[in-house]
Amino acid sequence: MKRILITTVAAIALAGPMVSGVATAQSYGQQSPQGQYDGRRGDDEDGARRDDNARSEDRRGGREQRQDWRDDRREARWDERRHNGYYDNNRWNYGPPPADRYGRPGFALGYQPWARGQRLGYYSDRYSVVNYREHNLRRPSRGYNWVQDDRGDFLLVAIASGVIAQVIIAGMDHGDYRQAWRDDRREARWDNGRHNGYYRNNVWTRGPPPANRRNVVLGYQPWERGQRLGYYNGRYAEVDYRQQRLRQPPRGYHWVRDDRGDYLLAAIAGGLIAEVIFGNNR
């Protein structure tokens, strides 16, 4: 009798991990229409989850979400809505990769925002020329055109060479990787180098939060035309437009530089922003 009891207890102990393993597998995978476990789908979901977690870590680590990022999923394939180039042995190339690059060591798809001095390359004839008057842009110099990229930003580009002379942030879609992010850490404290405002009940306010931190989530949002500097009016350093090769500001406006190195053309009196230009320190 004792032998039977010992055998029964051992069988239950062995069955526990097996049931737990099956439950874990089913939580990561999906069932096929025939009711069979589809492990491949589980891998895809797990890869997407890792990708999301990596971006969440980027936000918590303080990386500017307007900057470059890598799509490290092993199964990732070119998607123009998400990527605009690829890394090959840590060397960046704009545009889709050749088919033979996939799976090589050091290869990764990704995204990089445009900066002055870069060349459009693959995108030279893919970005549409825009009418500068309709978008309240300055008149382009001879030999240059304004074009608009897939994310809505405006690029002043040399027609012959494709060299970018100016980048202006347009109205932003908050699903863009370069845009607003929340610092979801419970222990987060205000840091001028990482935050420029806070959410309270999903309402955004620029500047540090009040002493009452209830329902407050710190975060960052890039500047857009039409906003006011508010708390930052007088805190951002004024720059000489000649030294920075910026256009002469209209009367009543001046150029200032924010903590991230971008240039803002703002009204001296009310802080209304008329133009936002990427800086070079990205």
# chains A, B, ... in the order shown; residues from 1 in each chain; ligands from 1
>>> select_by_dssp(residues="stretch 100-243 of chain A", states="strand (DSSP E)", output="PyMOL selection string")
chain A and resi 107-111+128-129+144-148+154-158+164-168+181-182+197-200+203-206+216-220+237-238
>>> residues_around(residues="stretch 254-257 of chain A", least_positions_apart="6", cutoff="6 Å", atoms="only C-alpha atoms", output="PyMOL selection string")
chain A and resi 236-239+263-266
>>> write_last_selection(atoms="N, CA and C atoms", output="compact mmCIF listing (two decimals), in the first residue's frame")
# COMPACT_ATOMS: atom_id res chain seq x y z
N TYR A 236 14.97 79.06 -22.64
CA TYR A 236 15.77 78.59 -23.76
C TYR A 236 16.70 79.71 -24.22
N ALA A 237 17.94 79.36 -24.51
CA ALA A 237 18.93 80.36 -24.89
C ALA A 237 18.69 80.88 -26.30
N GLU A 238 18.74 82.17 -26.45
CA GLU A 238 18.63 82.78 -27.78
C GLU A 238 19.92 82.53 -28.55
N VAL A 239 19.80 82.29 -29.86
CA VAL A 239 20.97 82.02 -30.69
C VAL A 239 21.07 83.06 -31.80
N TYR A 263 16.03 74.03 -33.08
CA TYR A 263 15.89 75.47 -33.15
C TYR A 263 14.42 75.85 -33.30
N LEU A 264 13.99 76.83 -32.50
CA LEU A 264 12.61 77.27 -32.51
C LEU A 264 12.56 78.75 -32.84
N LEU A 265 11.80 79.11 -33.88
CA LEU A 265 11.55 80.50 -34.21
C LEU A 265 10.31 80.91 -33.43
N ALA A 266 10.49 81.73 -32.39
CA ALA A 266 9.40 82.03 -31.46
C ALA A 266 9.21 83.53 -31.31
>>> residues_around(residues="A:Gly106", least_positions_apart="3", cutoff="10 Å", atoms="only C-alpha atoms", output="number ranges by chain")
A: 87-91, 101-103
>>> closest_residue(among="A:Val217, A:Ala211, A:Ala267, A:Val129", to="A:Tyr198", atoms="only C-alpha atoms")
A:Val217
>>> residues_around(residues="stretch 201-205 of chain A", least_positions_apart="4", cutoff="8 Å", atoms="only C-alpha atoms", output="tab-separated table (two decimals) with N, CA and C atoms, in the first residue's frame")
chain	number	residue	atom	x	y	z
A	197	GLY	N	7.62	67.99	-19.65
A	197	GLY	CA	6.24	68.20	-19.24
A	197	GLY	C	5.68	66.96	-18.58
A	215	ASN	N	-1.86	61.29	-9.92
A	215	ASN	CA	-2.25	61.06	-11.32
A	215	ASN	C	-1.32	61.73	-12.33
A	216	VAL	N	-0.09	62.02	-11.93
A	216	VAL	CA	0.88	62.68	-12.81
A	216	VAL	C	1.82	61.64	-13.42
>>> atom_distance(atom1="atom CA of A:Trp146", atom2="atom CA of A:Arg225")
17.2 Å
>>> closest_residue(among="A:Gly121, A:Pro113, A:Gly143, A:Pro222", to="A:Val276", atoms="only C-alpha atoms")
A:Pro222
>>> atom_distance(atom1="atom CA of A:Ile277", atom2="atom CA of A:Asp262")
5.8 Å
>>> residues_around(residues="A:Glu187", least_positions_apart="3", cutoff="12 Å", atoms="only C-alpha atoms", output="mmCIF file with N, CA and C atoms, in the first residue's frame")
data_model
loop_
_atom_site.group_PDB
_atom_site.id
_atom_site.type_symbol
_atom_site.label_atom_id
_atom_site.label_comp_id
_atom_site.auth_asym_id
_atom_site.auth_seq_id
_atom_site.Cartn_x
_atom_site.Cartn_y
_atom_site.Cartn_z
ATOM 1 N N ARG A 60 12.116 54.390 -21.100
ATOM 2 C CA ARG A 60 12.532 54.477 -19.701
ATOM 3 C C ARG A 60 13.997 54.854 -19.596
ATOM 4 N N ASP A 183 7.107 58.603 -19.308
ATOM 5 C CA ASP A 183 8.030 57.946 -18.396
ATOM 6 C C ASP A 183 7.186 57.208 -17.361
ATOM 7 N N ASP A 184 6.951 55.907 -17.612
ATOM 8 C CA ASP A 184 6.008 55.148 -16.794
ATOM 9 C C ASP A 184 6.614 54.587 -15.513
ATOM 10 N N TRP A 190 11.417 64.379 -11.765
ATOM 11 C CA TRP A 190 11.614 65.365 -12.831
ATOM 12 C C TRP A 190 13.089 65.504 -13.181
ATOM 13 N N ARG A 213 1.583 65.293 -6.842
ATOM 14 C CA ARG A 213 1.901 64.441 -7.988
ATOM 15 C C ARG A 213 0.823 63.400 -8.256
ATOM 16 N N VAL A 216 -0.091 62.015 -11.930
ATOM 17 C CA VAL A 216 0.877 62.680 -12.808
ATOM 18 C C VAL A 216 1.815 61.640 -13.420
ATOM 19 N N VAL A 217 2.040 61.726 -14.736
ATOM 20 C CA VAL A 217 3.008 60.892 -15.443
ATOM 21 C C VAL A 217 3.940 61.818 -16.204
ATOM 22 N N LEU A 218 5.223 61.768 -15.889
ATOM 23 C CA LEU A 218 6.205 62.608 -16.580
ATOM 24 C C LEU A 218 6.404 62.105 -18.002
#
>>> atom_distance(atom1="atom CA of A:Tyr231", atom2="atom CA of A:Arg247")
25.4 Å
